[in-house]
Amino acid sequence: MDDKVKFDIEFPIQASPQLLYQYISTPSGLSEWFSDNVNSRGELFTFIWDDSEEEAKLLNKKSGERVKFRWMDDEDEGASWYFEIRIQVDEITKDVSLMITDFAEEDEVDEAKMLWSNQISSLKQVLGSA
């Protein structure tokens, strides 16, 4: 199995950090933009797209700031990969950005970034911040 490479992307977004946090940390918020439906039992989140389901474990979260998940398939293989969605506020301009940290196979990084761009575009539409 090939090692995955870490990548970070930043998406400026016009929304309050408090509102954004609801969309990145709750099943109802995530199901508005990240997948068709999201269920959670404690630390275990089930993401549903059409006919497929993926489970992810919530590794940690900091209220109003970030959430970090690991796909259970990766967890079962003992992998250390994760994806993190972090809210960053510029101290001077107060501009808000979503910082995404994720991992992908080296030849799939561009594809993964495009997927995140599409997801964040959906989030911006939901927020009315497009």
# chains A, B, ... in the order shown; residues from 1 in each chain; ligands from 1
>>> select_by_dssp(residues="chain A", states="strand (DSSP E or B)", output="JSON, numbers by chain")
{"A": [4, 5, 6, 7, 8, 9, 10, 11, 12, 37, 38, 39, 40, 41, 44, 45, 46, 47, 48, 49, 52, 53, 54, 55, 56, 57, 58, 59, 60, 61, 62, 66, 67, 68, 69, 70, 71, 83, 84, 85, 86, 87, 88, 89, 96, 97, 98, 99, 100, 101, 102, 103, 104, 105]}
>>> residues_around(residues="A:Phe34", least_positions_apart="4", cutoff="9 Å", atoms="only C-alpha atoms", output="list in words")
Ile24, Gly29, Leu30, Val38, Phe47, Gln119, Ile120, Ser122 and Leu123 of chain A
>>> closest_atom_pairs(of="stretch 3-77 of chain A", to="stretch 111-116 of chain A", cutoff="12 Å", atoms="only C-alpha atoms", output="tab-separated table")
residue	atom	partner	partner_atom	distance
A:Lys4	CA	A:Ala112	CA	11.6
A:Val5	CA	A:Ala112	CA	11.1
A:Lys6	CA	A:Ala112	CA	10.9
A:Phe7	CA	A:Lys113	CA	8.5
A:Asp8	CA	A:Lys113	CA	8.8
A:Ile9	CA	A:Lys113	CA	7.5
A:Glu10	CA	A:Trp116	CA	10.1
A:Phe11	CA	A:Trp116	CA	9.6
A:Trp33	CA	A:Trp116	CA	10.9
A:Phe34	CA	A:Trp116	CA	9.2
A:Ser35	CA	A:Trp116	CA	11.8
>>> residues_around(residues="stretch 87-93 of chain A", least_positions_apart="4", cutoff="8 Å", atoms="only C-alpha atoms", output="PyMOL selection string")
chain A and resi 17+20-21+64-66+97-99
>>> write_last_selection(atoms="N, CA, C and O atoms", output="PDB file, in the first residue's frame")
ATOM      1  N   PRO A  17     -17.671  32.392  12.477  1.00  0.00           N
ATOM      2  CA  PRO A  17     -17.068  31.134  12.941  1.00  0.00           C
ATOM      3  C   PRO A  17     -18.071  30.263  13.708  1.00  0.00           C
ATOM      4  O   PRO A  17     -18.066  29.040  13.568  1.00  0.00           O
ATOM      5  N   LEU A  20     -20.321  28.581  11.124  1.00  0.00           N
ATOM      6  CA  LEU A  20     -19.523  27.593  10.397  1.00  0.00           C
ATOM      7  C   LEU A  20     -19.311  26.339  11.229  1.00  0.00           C
ATOM      8  O   LEU A  20     -19.393  25.227  10.713  1.00  0.00           O
ATOM      9  N   TYR A  21     -19.037  26.528  12.517  1.00  0.00           N
ATOM     10  CA  TYR A  21     -18.755  25.380  13.370  1.00  0.00           C
ATOM     11  C   TYR A  21     -19.934  24.418  13.404  1.00  0.00           C
ATOM     12  O   TYR A  21     -19.744  23.206  13.409  1.00  0.00           O
ATOM     13  N   GLY A  64     -16.001  25.696  18.210  1.00  0.00           N
ATOM     14  CA  GLY A  64     -15.846  26.932  17.462  1.00  0.00           C
ATOM     15  C   GLY A  64     -14.597  27.013  16.619  1.00  0.00           C
ATOM     16  O   GLY A  64     -14.342  28.012  15.961  1.00  0.00           O
ATOM     17  N   GLU A  65     -13.793  25.928  16.614  1.00  0.00           N
ATOM     18  CA  GLU A  65     -12.499  26.026  15.936  1.00  0.00           C
ATOM     19  C   GLU A  65     -12.200  24.918  14.929  1.00  0.00           C
ATOM     20  O   GLU A  65     -11.819  25.208  13.801  1.00  0.00           O
ATOM     21  N   ARG A  66     -12.351  23.637  15.317  1.00  0.00           N
ATOM     22  CA  ARG A  66     -11.949  22.583  14.382  1.00  0.00           C
ATOM     23  C   ARG A  66     -12.583  21.241  14.720  1.00  0.00           C
ATOM     24  O   ARG A  66     -13.005  20.995  15.858  1.00  0.00           O
ATOM     25  N   SER A  97     -11.562  31.894   7.146  1.00  0.00           N
ATOM     26  CA  SER A  97     -11.214  30.870   6.167  1.00  0.00           C
ATOM     27  C   SER A  97     -11.445  29.499   6.766  1.00  0.00           C
ATOM     28  O   SER A  97     -11.346  29.317   7.976  1.00  0.00           O
ATOM     29  N   LEU A  98     -11.757  28.547   5.895  1.00  0.00           N
ATOM     30  CA  LEU A  98     -11.775  27.147   6.307  1.00  0.00           C
ATOM     31  C   LEU A  98     -10.477  26.539   5.816  1.00  0.00           C
ATOM     32  O   LEU A  98     -10.134  26.650   4.633  1.00  0.00           O
ATOM     33  N   MET A  99      -9.753  25.920   6.720  1.00  0.00           N
ATOM     34  CA  MET A  99      -8.495  25.255   6.383  1.00  0.00           C
ATOM     35  C   MET A  99      -8.765  23.751   6.394  1.00  0.00           C
ATOM     36  O   MET A  99      -9.233  23.220   7.397  1.00  0.00           O
TER      37      MET A  99
END
>>> atom_distance(atom1="atom CA of A:Lys124", atom2="atom CA of A:Gln14")
8.1 Å
>>> select_by_dssp(residues="chain A", states="helix (DSSP H, G or I)", output="ChimeraX atom specification")
/A:17-25,27-33,72-76,106-127
>>> atom_distance(atom1="atom CA of A:Glu106", atom2="atom CA of A:Ser80")
16.0 Å
>>> closest_residue(among="A:Gly42, A:Gly78, A:Gly128, A:Pro12", to="A:Pro27", atoms="only C-alpha atoms")
A:Gly42
>>> residues_around(residues="A:Leu19", least_positions_apart="3", cutoff="9 Å", atoms="only C-alpha atoms", output="list in words")
Ala15, Ser16, Gln22, Tyr23, Gly64 and Leu127 of chain A
>>> write_last_selection(atoms="all heavy atoms", output="tab-separated table (two decimals), in the first residue's frame")
chain	number	residue	atom	x	y	z
A	15	ALA	N	-18.74	33.91	6.59
A	15	ALA	CA	-19.71	33.41	7.57
A	15	ALA	C	-19.07	33.55	8.95
A	15	ALA	O	-17.85	33.57	9.06
A	15	ALA	CB	-20.06	31.96	7.29
A	16	SER	N	-19.90	33.61	9.96
A	16	SER	CA	-19.34	33.72	11.31
A	16	SER	C	-18.77	32.37	11.72
A	16	SER	O	-19.30	31.32	11.35
A	16	SER	CB	-20.42	34.15	12.31
A	16	SER	OG	-21.28	33.06	12.58
A	22	GLN	N	-21.15	24.95	13.39
A	22	GLN	CA	-22.34	24.08	13.37
A	22	GLN	C	-22.36	23.22	12.11
A	22	GLN	O	-22.77	22.06	12.13
A	22	GLN	CB	-23.63	24.91	13.45
A	22	GLN	CG	-23.78	25.67	14.75
A	22	GLN	CD	-23.67	24.76	15.96
A	22	GLN	OE1	-24.35	23.75	16.06
A	22	GLN	NE2	-22.78	25.11	16.87
A	23	TYR	N	-21.89	23.79	10.99
A	23	TYR	CA	-21.90	23.07	9.72
A	23	TYR	C	-20.78	22.04	9.59
A	23	TYR	O	-20.87	21.15	8.77
A	23	TYR	CB	-21.85	24.06	8.55
A	23	TYR	CG	-23.20	24.66	8.25
A	23	TYR	CD1	-23.57	25.88	8.78
A	23	TYR	CD2	-24.12	23.99	7.45
A	23	TYR	CE1	-24.81	26.44	8.53
A	23	TYR	CE2	-25.37	24.54	7.19
A	23	TYR	CZ	-25.71	25.75	7.73
A	23	TYR	OH	-26.94	26.29	7.48
A	64	GLY	N	-16.00	25.70	18.21
A	64	GLY	CA	-15.85	26.93	17.46
A	64	GLY	C	-14.60	27.01	16.62
A	64	GLY	O	-14.34	28.01	15.96
A	127	LEU	N	-24.71	28.44	2.95
A	127	LEU	CA	-24.53	29.60	3.81
A	127	LEU	C	-24.96	30.91	3.16
A	127	LEU	O	-25.05	31.94	3.80
A	127	LEU	CB	-23.05	29.74	4.21
A	127	LEU	CG	-22.48	28.66	5.12
A	127	LEU	CD1	-20.97	28.75	5.15
A	127	LEU	CD2	-23.05	28.78	6.51
>>> residues_around(residues="A:Ile48", least_positions_apart="6", cutoff="9 Å", atoms="only C-alpha atoms", output="ChimeraX atom specification")
/A:31,35-39,54-55
>>> write_last_selection(atoms="C-alpha atoms", output="PDB file, in the first residue's frame")
ATOM      1  CA  SER A  31     -25.516  16.556   5.848  1.00  0.00           C
ATOM      2  CA  SER A  35     -22.771  14.168   2.190  1.00  0.00           C
ATOM      3  CA  ASP A  36     -26.401  13.251   1.574  1.00  0.00           C
ATOM      4  CA  ASN A  37     -26.959  12.219   5.166  1.00  0.00           C
ATOM      5  CA  VAL A  38     -24.909  11.918   8.360  1.00  0.00           C
ATOM      6  CA  ASN A  39     -25.667   9.944  11.491  1.00  0.00           C
ATOM      7  CA  GLU A  54     -18.451   5.485   5.064  1.00  0.00           C
ATOM      8  CA  GLU A  55     -17.818   5.581   8.778  1.00  0.00           C
TER       9      GLU A  55
END
>>> atom_distance(atom1="atom CA of A:Asn118", atom2="atom CA of A:Asp76")
27.9 Å
>>> closest_residue(among="A:Val126, A:Phe103, A:Phe83, A:Thr26", to="A:Ser63", atoms="only C-alpha atoms")
A:Thr26
>>> decode(residues="stretch 109-125 of chain A", atoms="N, CA, C and O atoms", output="PDB file, in the first residue's frame")
ATOM      1  N   VAL A 109      -3.853  13.735  -5.460  1.00  0.00           N
ATOM      2  CA  VAL A 109      -3.966  14.955  -4.652  1.00  0.00           C
ATOM      3  C   VAL A 109      -4.818  16.003  -5.366  1.00  0.00           C
ATOM      4  O   VAL A 109      -5.706  16.609  -4.761  1.00  0.00           O
ATOM      5  N   ASP A 110      -4.567  16.216  -6.672  1.00  0.00           N
ATOM      6  CA  ASP A 110      -5.342  17.226  -7.406  1.00  0.00           C
ATOM      7  C   ASP A 110      -6.824  16.878  -7.408  1.00  0.00           C
ATOM      8  O   ASP A 110      -7.686  17.746  -7.238  1.00  0.00           O
ATOM      9  N   GLU A 111      -7.109  15.600  -7.594  1.00  0.00           N
ATOM     10  CA  GLU A 111      -8.494  15.139  -7.585  1.00  0.00           C
ATOM     11  C   GLU A 111      -9.134  15.369  -6.211  1.00  0.00           C
ATOM     12  O   GLU A 111     -10.275  15.829  -6.104  1.00  0.00           O
ATOM     13  N   ALA A 112      -8.400  15.069  -5.163  1.00  0.00           N
ATOM     14  CA  ALA A 112      -8.902  15.258  -3.795  1.00  0.00           C
ATOM     15  C   ALA A 112      -9.149  16.739  -3.518  1.00  0.00           C
ATOM     16  O   ALA A 112     -10.159  17.105  -2.913  1.00  0.00           O
ATOM     17  N   LYS A 113      -8.243  17.597  -4.002  1.00  0.00           N
ATOM     18  CA  LYS A 113      -8.427  19.043  -3.805  1.00  0.00           C
ATOM     19  C   LYS A 113      -9.667  19.524  -4.548  1.00  0.00           C
ATOM     20  O   LYS A 113     -10.413  20.363  -4.051  1.00  0.00           O
ATOM     21  N   MET A 114      -9.889  18.974  -5.744  1.00  0.00           N
ATOM     22  CA  MET A 114     -11.063  19.364  -6.513  1.00  0.00           C
ATOM     23  C   MET A 114     -12.348  18.931  -5.793  1.00  0.00           C
ATOM     24  O   MET A 114     -13.333  19.662  -5.755  1.00  0.00           O
ATOM     25  N   LEU A 115     -12.300  17.742  -5.216  1.00  0.00           N
ATOM     26  CA  LEU A 115     -13.452  17.250  -4.457  1.00  0.00           C
ATOM     27  C   LEU A 115     -13.753  18.196  -3.286  1.00  0.00           C
ATOM     28  O   LEU A 115     -14.900  18.577  -3.056  1.00  0.00           O
ATOM     29  N   TRP A 116     -12.710  18.590  -2.562  1.00  0.00           N
ATOM     30  CA  TRP A 116     -12.905  19.532  -1.455  1.00  0.00           C
ATOM     31  C   TRP A 116     -13.448  20.865  -1.966  1.00  0.00           C
ATOM     32  O   TRP A 116     -14.320  21.471  -1.342  1.00  0.00           O
ATOM     33  N   SER A 117     -12.940  21.339  -3.097  1.00  0.00           N
ATOM     34  CA  SER A 117     -13.437  22.597  -3.671  1.00  0.00           C
ATOM     35  C   SER A 117     -14.930  22.508  -3.942  1.00  0.00           C
ATOM     36  O   SER A 117     -15.683  23.444  -3.652  1.00  0.00           O
ATOM     37  N   ASN A 118     -15.354  21.377  -4.495  1.00  0.00           N
ATOM     38  CA  ASN A 118     -16.780  21.182  -4.772  1.00  0.00           C
ATOM     39  C   ASN A 118     -17.588  21.145  -3.481  1.00  0.00           C
ATOM     40  O   ASN A 118     -18.678  21.715  -3.393  1.00  0.00           O
ATOM     41  N   GLN A 119     -17.054  20.453  -2.470  1.00  0.00           N
ATOM     42  CA  GLN A 119     -17.754  20.359  -1.186  1.00  0.00           C
ATOM     43  C   GLN A 119     -17.900  21.743  -0.545  1.00  0.00           C
ATOM     44  O   GLN A 119     -18.967  22.113  -0.072  1.00  0.00           O
ATOM     45  N   ILE A 120     -16.816  22.503  -0.545  1.00  0.00           N
ATOM     46  CA  ILE A 120     -16.840  23.831   0.086  1.00  0.00           C
ATOM     47  C   ILE A 120     -17.740  24.768  -0.723  1.00  0.00           C
ATOM     48  O   ILE A 120     -18.427  25.618  -0.159  1.00  0.00           O
ATOM     49  N   SER A 121     -17.783  24.576  -2.015  1.00  0.00           N
ATOM     50  CA  SER A 121     -18.691  25.354  -2.854  1.00  0.00           C
ATOM     51  C   SER A 121     -20.147  25.083  -2.443  1.00  0.00           C
ATOM     52  O   SER A 121     -20.957  26.018  -2.340  1.00  0.00           O
ATOM     53  N   SER A 122     -20.464  23.832  -2.157  1.00  0.00           N
ATOM     54  CA  SER A 122     -21.798  23.481  -1.669  1.00  0.00           C
ATOM     55  C   SER A 122     -22.071  24.139  -0.316  1.00  0.00           C
ATOM     56  O   SER A 122     -23.164  24.648  -0.078  1.00  0.00           O
ATOM     57  N   LEU A 123     -21.070  24.140   0.548  1.00  0.00           N
ATOM     58  CA  LEU A 123     -21.220  24.774   1.860  1.00  0.00           C
ATOM     59  C   LEU A 123     -21.495  26.262   1.700  1.00  0.00           C
ATOM     60  O   LEU A 123     -22.380  26.815   2.344  1.00  0.00           O
ATOM     61  N   LYS A 124     -20.748  26.908   0.794  1.00  0.00           N
ATOM     62  CA  LYS A 124     -20.952  28.350   0.575  1.00  0.00           C
ATOM     63  C   LYS A 124     -22.364  28.625   0.063  1.00  0.00           C
ATOM     64  O   LYS A 124     -22.976  29.619   0.450  1.00  0.00           O
ATOM     65  N   GLN A 125     -22.883  27.754  -0.792  1.00  0.00           N
ATOM     66  CA  GLN A 125     -24.248  27.930  -1.284  1.00  0.00           C
ATOM     67  C   GLN A 125     -25.260  27.827  -0.130  1.00  0.00           C
ATOM     68  O   GLN A 125     -26.170  28.628  -0.030  1.00  0.00           O
TER      69      GLN A 125
END
